[in-house]
file data18.cif (mmCIF, C-alpha atoms)
data_my_file
loop_
_atom_site.group_PDB
_atom_site.id
_atom_site.type_symbol
_atom_site.label_atom_id
_atom_site.label_comp_id
_atom_site.auth_asym_id
_atom_site.auth_seq_id
_atom_site.Cartn_x
_atom_site.Cartn_y
_atom_site.Cartn_z
ATOM 1 C CA MET X 26 39.843 13.590 -16.666
ATOM 2 C CA ALA X 27 40.252 9.861 -16.949
ATOM 3 C CA GLN X 28 37.059 7.906 -16.529
ATOM 4 C CA ASN X 29 37.012 4.395 -15.287
ATOM 5 C CA ARG X 30 35.306 1.664 -17.196
ATOM 6 C CA SER X 31 32.273 1.418 -14.914
ATOM 7 C CA ASP X 32 31.443 5.110 -15.457
ATOM 8 C CA LYS X 33 31.568 4.616 -19.211
ATOM 9 C CA LEU X 34 29.309 1.579 -18.900
ATOM 10 C CA LYS X 35 26.962 3.589 -16.681
ATOM 11 C CA ARG X 36 26.619 6.184 -19.438
ATOM 12 C CA LEU X 37 25.890 3.409 -21.940
ATOM 13 C CA VAL X 38 23.269 1.933 -19.600
ATOM 14 C CA THR X 39 21.625 5.360 -19.385
ATOM 15 C CA VAL X 40 21.515 5.606 -23.179
ATOM 16 C CA GLN X 41 20.157 2.053 -23.433
ATOM 17 C CA ARG X 42 17.423 2.830 -20.894
ATOM 18 C CA HIS X 43 16.519 5.872 -22.970
ATOM 19 C CA LEU X 44 16.195 3.646 -26.051
ATOM 20 C CA GLU X 45 14.011 1.303 -23.993
ATOM 21 C CA LYS X 46 11.801 4.234 -22.982
ATOM 22 C CA MET X 47 11.478 5.279 -26.626
ATOM 23 C CA ALA X 48 10.368 1.731 -27.513
ATOM 24 C CA GLU X 49 7.774 1.891 -24.718
ATOM 25 C CA ILE X 50 6.455 5.185 -26.068
ATOM 26 C CA ASP X 51 6.197 3.754 -29.599
ATOM 27 C CA LEU X 52 4.354 0.711 -28.241
ATOM 28 C CA ALA X 53 1.939 2.891 -26.269
ATOM 29 C CA ALA X 54 1.229 5.045 -29.332
ATOM 30 C CA THR X 55 0.508 1.971 -31.440
ATOM 31 C CA ALA X 56 -1.786 0.541 -28.762
ATOM 32 C CA ARG X 57 -3.646 3.865 -28.623
ATOM 33 C CA GLN X 58 -4.064 3.840 -32.414
ATOM 34 C CA ARG X 59 -5.415 0.287 -32.261
ATOM 35 C CA ARG X 60 -7.963 1.329 -29.617
ATOM 36 C CA GLU X 61 -9.070 4.238 -31.805
ATOM 37 C CA VAL X 62 -9.464 1.960 -34.831
ATOM 38 C CA ALA X 63 -11.431 -0.562 -32.721
ATOM 39 C CA GLU X 64 -13.747 2.196 -31.508
ATOM 40 C CA THR X 65 -14.267 3.404 -35.076
ATOM 41 C CA MET X 66 -14.996 -0.167 -36.187
ATOM 42 C CA ASP X 67 -17.642 -0.436 -33.444
ATOM 43 C CA VAL X 68 -19.271 2.796 -34.620
ATOM 44 C CA VAL X 69 -19.301 1.561 -38.235
ATOM 45 C CA VAL X 70 -20.830 -1.784 -37.206
ATOM 46 C CA GLU X 71 -23.522 0.066 -35.253
ATOM 47 C CA ALA X 72 -24.253 2.193 -38.333
ATOM 48 C CA ILE X 73 -24.446 -0.883 -40.571
ATOM 49 C CA ASN X 74 -26.845 -2.605 -38.155
ATOM 50 C CA SER X 75 -28.907 0.547 -37.628
ATOM 51 C CA LEU X 76 -32.517 0.632 -38.728
ATOM 52 C CA ASP X 77 -32.235 4.317 -39.552
ATOM 53 C CA PRO X 78 -32.966 4.800 -43.286
ATOM 54 C CA VAL X 79 -30.074 7.271 -43.636
ATOM 55 C CA HIS X 80 -27.603 4.631 -42.522
ATOM 56 C CA ARG X 81 -29.160 1.965 -44.745
ATOM 57 C CA SER X 82 -28.546 4.077 -47.827
ATOM 58 C CA PHE X 83 -24.835 4.278 -46.930
ATOM 59 C CA SER X 84 -24.410 0.598 -46.037
ATOM 60 C CA ARG X 85 -22.163 -0.069 -49.050
ATOM 61 C CA HIS X 86 -19.922 2.849 -48.059
ATOM 62 C CA TYR X 87 -19.869 1.620 -44.453
ATOM 63 C CA SER X 88 -18.886 -1.891 -45.455
ATOM 64 C CA GLY X 89 -16.011 -0.523 -47.561
ATOM 65 C CA GLN X 90 -14.910 1.636 -44.672
ATOM 66 C CA TYR X 91 -15.114 -1.368 -42.334
ATOM 67 C CA GLY X 92 -12.868 -3.379 -44.677
ATOM 68 C CA LYS X 93 -10.287 -0.582 -44.659
ATOM 69 C CA LEU X 94 -10.461 -0.410 -40.884
ATOM 70 C CA GLN X 95 -9.877 -4.158 -40.655
ATOM 71 C CA GLN X 96 -6.771 -3.828 -42.824
ATOM 72 C CA GLN X 97 -5.536 -0.911 -40.744
ATOM 73 C CA GLU X 98 -6.153 -2.872 -37.536
ATOM 74 C CA GLN X 99 -4.184 -5.845 -38.881
ATOM 75 C CA MET X 100 -1.323 -3.574 -39.913
ATOM 76 C CA LEU X 101 -1.294 -1.950 -36.477
ATOM 77 C CA ALA X 102 -1.344 -5.388 -34.822
ATOM 78 C CA ASN X 103 1.785 -6.314 -36.774
ATOM 79 C CA VAL X 104 3.436 -3.002 -35.881
ATOM 80 C CA GLN X 105 2.528 -3.503 -32.226
ATOM 81 C CA GLU X 106 4.076 -6.976 -32.257
ATOM 82 C CA MET X 107 7.242 -5.497 -33.770
ATOM 83 C CA HIS X 108 7.352 -2.801 -31.057
ATOM 84 C CA GLU X 109 6.847 -5.423 -28.343
ATOM 85 C CA MET X 110 9.781 -7.457 -29.665
ATOM 86 C CA ARG X 111 11.902 -4.294 -29.879
ATOM 87 C CA LEU X 112 11.012 -3.389 -26.307
ATOM 88 C CA VAL X 113 11.977 -6.844 -25.048
ATOM 89 C CA ARG X 114 15.252 -6.684 -26.978
ATOM 90 C CA GLU X 115 16.137 -3.180 -25.691
ATOM 91 C CA ARG X 116 15.243 -4.143 -22.120
ATOM 92 C CA ALA X 117 17.402 -7.281 -22.310
ATOM 93 C CA LYS X 118 20.338 -5.263 -23.673
ATOM 94 C CA GLY X 119 19.971 -2.740 -20.860
ATOM 95 C CA ASP X 120 19.802 -5.464 -18.221
ATOM 96 C CA ARG X 121 22.915 -7.176 -19.586
ATOM 97 C CA MET X 122 24.797 -3.873 -19.725
ATOM 98 C CA GLU X 123 23.746 -3.007 -16.196
ATOM 99 C CA ASP X 124 24.901 -6.410 -14.924
ATOM 100 C CA ARG X 125 28.229 -5.954 -16.698
ATOM 101 C CA MET X 126 28.588 -2.461 -15.234
ATOM 102 C CA LYS X 127 28.040 -3.854 -11.714
ATOM 103 C CA GLU X 128 30.637 -6.571 -12.320
ATOM 104 C CA VAL X 129 33.166 -4.017 -13.567
ATOM 105 C CA ARG X 130 32.439 -1.667 -10.659
ATOM 106 C CA SER X 131 32.925 -4.544 -8.218
ATOM 107 C CA ALA X 132 36.238 -5.441 -9.860
ATOM 108 C CA GLU X 133 37.330 -1.787 -9.692
ATOM 109 C CA ASP X 134 36.388 -1.632 -6.009
ATOM 110 C CA ARG X 135 38.379 -4.806 -5.312
ATOM 111 C CA GLU X 136 41.352 -3.382 -7.200
ATOM 112 C CA ALA X 137 41.158 -0.115 -5.240
ATOM 113 C CA ALA X 138 40.997 -2.053 -1.958
ATOM 114 C CA ASP X 139 43.975 -4.171 -3.000
ATOM 115 C CA ASP X 140 45.929 -1.051 -3.959
ATOM 116 C CA SER X 141 45.199 0.579 -0.613
ATOM 117 C CA ILE X 142 46.391 -2.573 1.197
ATOM 118 C CA TYR X 143 49.564 -2.605 -0.892
ATOM 119 C CA ASP X 144 50.106 1.065 -0.061
ATOM 120 C CA LEU X 145 49.729 0.321 3.647
ATOM 121 C CA ILE X 146 52.213 -2.546 3.369
ATOM 122 C CA ASP X 147 54.672 -0.305 1.490
ATOM 123 C CA GLN X 148 54.294 2.408 4.136
ATOM 124 C CA HIS X 149 54.794 -0.115 6.914
ATOM 125 C CA ILE X 150 57.940 -1.497 5.251
ATOM 126 C CA ALA X 151 59.275 2.018 4.678
ATOM 127 C CA TYR X 152 58.566 2.882 8.315
ATOM 128 C CA LYS X 153 60.343 -0.274 9.539
ATOM 129 C CA ARG X 154 63.414 0.569 7.433
ATOM 130 C CA GLY X 155 63.468 4.061 8.859
ATOM 131 C CA GLU X 156 63.668 2.829 12.451
#
call {"tool": "encode", "arguments": {"input": "data18.cif", "output": "structure tokens"}}
result
Amino acid sequence: MAQNRSDKLKRLVTVQRHLEKMAEIDLAATARQRREVAETMDVVVEAINSLDPVHRSFSRHYSGQYGKLQQQEQMLANVQEMHEMRLVRERAKGDRMEDRMKEVRSAEDREAADDSIYDLIDQHIAYKRGE
């Protein structure tokens, strides 16, 4: 079965939209991880500032943990920025492909209309010759 060009482009647009959705999922997962790290950082800060003697004895451990959480948060911020750029890039590709698909489909529709008009003209000429 021969497929026209617009159908092939439609399949590519579908694949591109799937890639865009995957980028959205990756971005959402990174944002969730950042929220979890921020919540953990808040808990550690509360423990450091606590007047409870148990927490005071672990203040050195808490400050080390807070430093690691800061590094992890910075790394996740960079990863999130990368995912945001990827999402924008995938979305732009999909939009361009979809626009191109619409242009091709329009051209195919015009060609089909022209062909049907030519067929009608040919039939009319053949009918006139037969009279």
call {"tool": "atom_distance", "arguments": {"input": "data18.cif", "atom1": "CA of Gln96 (chain X)", "atom2": "CA of Glu61 (chain X)"}}
result
13.8 Å
call {"tool": "resolve_selection", "arguments": {"input": "data18.cif", "expression": "the PyMOL selection byres ((chain X and resi 65) around 12)", "output": "MDAnalysis selection string"}}
result
chainID X and resid 58:64 66:72 87 90:95 97:98
call {"tool": "write_last_selection", "arguments": {"input": "data18.cif", "atoms": "C-alpha atoms", "output": "mmCIF file, in the frame of the given file"}}
result
data_model
loop_
_atom_site.group_PDB
_atom_site.id
_atom_site.type_symbol
_atom_site.label_atom_id
_atom_site.label_comp_id
_atom_site.auth_asym_id
_atom_site.auth_seq_id
_atom_site.Cartn_x
_atom_site.Cartn_y
_atom_site.Cartn_z
ATOM 1 C CA GLN X 58 -4.064 3.840 -32.414
ATOM 2 C CA ARG X 59 -5.415 0.287 -32.261
ATOM 3 C CA ARG X 60 -7.963 1.329 -29.617
ATOM 4 C CA GLU X 61 -9.070 4.238 -31.805
ATOM 5 C CA VAL X 62 -9.464 1.960 -34.831
ATOM 6 C CA ALA X 63 -11.431 -0.562 -32.721
ATOM 7 C CA GLU X 64 -13.747 2.196 -31.508
ATOM 8 C CA MET X 66 -14.996 -0.167 -36.187
ATOM 9 C CA ASP X 67 -17.642 -0.436 -33.444
ATOM 10 C CA VAL X 68 -19.271 2.796 -34.620
ATOM 11 C CA VAL X 69 -19.301 1.561 -38.235
ATOM 12 C CA VAL X 70 -20.830 -1.784 -37.206
ATOM 13 C CA GLU X 71 -23.522 0.066 -35.253
ATOM 14 C CA ALA X 72 -24.253 2.193 -38.333
ATOM 15 C CA TYR X 87 -19.869 1.620 -44.453
ATOM 16 C CA GLN X 90 -14.910 1.636 -44.672
ATOM 17 C CA TYR X 91 -15.114 -1.368 -42.334
ATOM 18 C CA GLY X 92 -12.868 -3.379 -44.677
ATOM 19 C CA LYS X 93 -10.287 -0.582 -44.659
ATOM 20 C CA LEU X 94 -10.461 -0.410 -40.884
ATOM 21 C CA GLN X 95 -9.877 -4.158 -40.655
ATOM 22 C CA GLN X 97 -5.536 -0.911 -40.744
ATOM 23 C CA GLU X 98 -6.153 -2.872 -37.536
#
call {"tool": "residues_around", "arguments": {"input": "data18.cif", "residues": "region 121-124 of chain X", "least_positions_apart": "5", "cutoff": "12 Å", "atoms": "all atoms listed in the file", "output": "JSON, numbers by chain"}}
result
{"X": [31, 32, 33, 34, 35, 36, 37, 38, 39, 40, 41, 42, 114, 115, 116, 129, 130, 131]}
call {"tool": "atom_distance", "arguments": {"input": "data18.cif", "atom1": "CA of Gly119 (chain X)", "atom2": "CA of Leu44 (chain X)"}}
result
9.1 Å
call {"tool": "atom_distance", "arguments": {"input": "data18.cif", "atom1": "CA of Ser75 (chain X)", "atom2": "CA of Ser88 (chain X)"}}
result
12.9 Å
call {"tool": "closest_residue", "arguments": {"input": "data18.cif", "among": "X:His149, X:His108, X:Lys118, X:Arg125", "to": "Ala56 (chain X)", "atoms": "only C-alpha atoms"}}
result
X:His108
call {"tool": "closest_residue", "arguments": {"input": "data18.cif", "among": "X:Val79, X:Ala137, X:Leu112, X:Leu101", "to": "His43 (chain X)", "atoms": "all atoms listed in the file"}}
result
X:Leu112
call {"tool": "closest_residue", "arguments": {"input": "data18.cif", "among": "X:Lys127, X:His86, X:Arg154, X:Arg111", "to": "Lys46 (chain X)", "atoms": "all atoms listed in the file"}}
result
X:Arg111
call {"tool": "closest_residue", "arguments": {"input": "data18.cif", "among": "X:Ala117, X:Ile146, X:Ala132, X:Val104", "to": "Ala53 (chain X)", "atoms": "all atoms listed in the file"}}
result
X:Val104
call {"tool": "closest_residue", "arguments": {"input": "data18.cif", "among": "X:Met47, X:Tyr152, X:Phe83, X:Asn29", "to": "Glu109 (chain X)", "atoms": "only C-alpha atoms"}}
result
X:Met47
call {"tool": "decode", "arguments": {"input": "data18.cif", "residues": "region 36-50 of chain X", "atoms": "all heavy atoms", "output": "CSV table (one decimal), in the first residue's frame"}}
result
chain,number,residue,atom,x,y,z
X,36,ARG,N,3.0,10.3,10.9
X,36,ARG,CA,3.6,9.3,11.7
X,36,ARG,C,4.8,9.9,12.4
X,36,ARG,O,5.1,9.7,13.6
X,36,ARG,CB,4.0,8.1,10.9
X,36,ARG,CG,2.9,7.1,10.7
X,36,ARG,CD,3.3,5.7,10.3
X,36,ARG,NE,4.7,5.5,9.9
X,36,ARG,CZ,5.1,5.4,8.6
X,36,ARG,NH1,4.2,5.5,7.6
X,36,ARG,NH2,6.3,5.1,8.3
X,37,LEU,N,5.6,10.7,11.7
X,37,LEU,CA,6.8,11.3,12.3
X,37,LEU,C,6.4,12.3,13.4
X,37,LEU,O,7.0,12.5,14.4
X,37,LEU,CB,7.7,12.0,11.2
X,37,LEU,CG,8.5,11.1,10.3
X,37,LEU,CD1,9.1,11.9,9.2
X,37,LEU,CD2,9.5,10.3,11.1
X,38,VAL,N,5.3,13.1,13.1
X,38,VAL,CA,4.8,14.0,14.1
X,38,VAL,C,4.4,13.3,15.4
X,38,VAL,O,4.7,13.7,16.5
X,38,VAL,CB,3.6,14.8,13.6
X,38,VAL,CG1,2.9,15.6,14.7
X,38,VAL,CG2,4.1,15.8,12.5
X,39,THR,N,3.7,12.1,15.2
X,39,THR,CA,3.3,11.3,16.4
X,39,THR,C,4.5,10.9,17.2
X,39,THR,O,4.5,10.9,18.4
X,39,THR,CB,2.5,10.1,15.9
X,39,THR,OG1,1.4,10.5,15.1
X,39,THR,CG2,2.0,9.3,17.1
X,40,VAL,N,5.6,10.4,16.5
X,40,VAL,CA,6.8,10.0,17.2
X,40,VAL,C,7.4,11.2,17.9
X,40,VAL,O,7.9,11.1,19.1
X,40,VAL,CB,7.8,9.4,16.2
X,40,VAL,CG1,9.2,9.2,16.8
X,40,VAL,CG2,7.3,8.0,15.7
X,41,GLN,N,7.5,12.4,17.2
X,41,GLN,CA,8.1,13.6,17.8
X,41,GLN,C,7.3,14.0,19.1
X,41,GLN,O,7.8,14.4,20.1
X,41,GLN,CB,8.1,14.7,16.8
X,41,GLN,CG,8.9,15.9,17.3
X,41,GLN,CD,10.3,15.6,17.6
X,41,GLN,OE1,11.0,14.9,16.9
X,41,GLN,NE2,10.8,16.2,18.7
X,42,ARG,N,6.0,13.9,19.0
X,42,ARG,CA,5.1,14.2,20.2
X,42,ARG,C,5.4,13.3,21.3
X,42,ARG,O,5.3,13.7,22.5
X,42,ARG,CB,3.6,14.3,19.8
X,42,ARG,CG,3.3,15.4,18.8
X,42,ARG,CD,3.6,16.7,19.4
X,42,ARG,NE,3.2,17.8,18.4
X,42,ARG,CZ,3.6,19.0,18.4
X,42,ARG,NH1,4.5,19.4,19.4
X,42,ARG,NH2,3.3,19.9,17.5
X,43,HIS,N,5.7,12.0,21.0
X,43,HIS,CA,6.0,11.1,22.0
X,43,HIS,C,7.3,11.4,22.7
X,43,HIS,O,7.5,11.4,23.9
X,43,HIS,CB,6.1,9.6,21.4
X,43,HIS,CG,6.3,8.6,22.5
X,43,HIS,ND1,5.4,8.2,23.4
X,43,HIS,CD2,7.4,7.8,22.7
X,43,HIS,CE1,5.9,7.3,24.2
X,43,HIS,NE2,7.1,7.0,23.8
X,44,LEU,N,8.3,11.9,21.9
X,44,LEU,CA,9.6,12.3,22.4
X,44,LEU,C,9.4,13.5,23.3
X,44,LEU,O,10.0,13.7,24.4
X,44,LEU,CB,10.6,12.6,21.3
X,44,LEU,CG,11.1,11.4,20.5
X,44,LEU,CD1,11.9,11.9,19.3
X,44,LEU,CD2,11.9,10.5,21.4
X,45,GLU,N,8.5,14.4,22.9
X,45,GLU,CA,8.2,15.6,23.7
X,45,GLU,C,7.6,15.2,25.0
X,45,GLU,O,7.9,15.7,26.1
X,45,GLU,CB,7.2,16.5,22.9
X,45,GLU,CG,6.8,17.7,23.6
X,45,GLU,CD,5.8,18.5,22.8
X,45,GLU,OE1,5.8,18.4,21.5
X,45,GLU,OE2,4.9,19.2,23.4
X,46,LYS,N,6.7,14.2,25.0
X,46,LYS,CA,6.1,13.7,26.2
X,46,LYS,C,7.1,13.1,27.2
X,46,LYS,O,7.0,13.3,28.4
X,46,LYS,CB,5.0,12.7,25.9
X,46,LYS,CG,4.1,12.3,27.0
X,46,LYS,CD,3.2,13.5,27.4
X,46,LYS,CE,2.2,13.0,28.4
X,46,LYS,NZ,1.4,14.1,28.9
X,47,MET,N,8.0,12.4,26.6
X,47,MET,CA,9.1,11.8,27.4
X,47,MET,C,9.9,12.9,28.1
X,47,MET,O,10.3,12.8,29.2
X,47,MET,CB,10.0,10.9,26.5
X,47,MET,CG,9.3,9.6,26.1
X,47,MET,SD,10.2,8.6,24.9
X,47,MET,CE,11.8,8.4,25.6
X,48,ALA,N,10.2,14.0,27.3
X,48,ALA,CA,11.0,15.1,27.9
X,48,ALA,C,10.2,15.7,29.0
X,48,ALA,O,10.8,16.1,30.1
X,48,ALA,CB,11.3,16.1,26.8
X,49,GLU,N,8.9,15.8,28.9
X,49,GLU,CA,8.0,16.4,30.0
X,49,GLU,C,8.1,15.5,31.2
X,49,GLU,O,8.1,16.0,32.3
X,49,GLU,CB,6.6,16.5,29.5
X,49,GLU,CG,6.3,17.6,28.5
X,49,GLU,CD,4.9,17.6,28.0
X,49,GLU,OE1,4.1,16.7,28.3
X,49,GLU,OE2,4.6,18.6,27.3
X,50,ILE,N,8.0,14.2,31.0
X,50,ILE,CA,8.1,13.3,32.1
X,50,ILE,C,9.4,13.4,32.9
X,50,ILE,O,9.5,13.4,34.1
X,50,ILE,CB,7.8,11.8,31.6
X,50,ILE,CG1,6.4,11.7,31.2
X,50,ILE,CG2,8.2,10.8,32.7
X,50,ILE,CD1,6.0,10.4,30.5
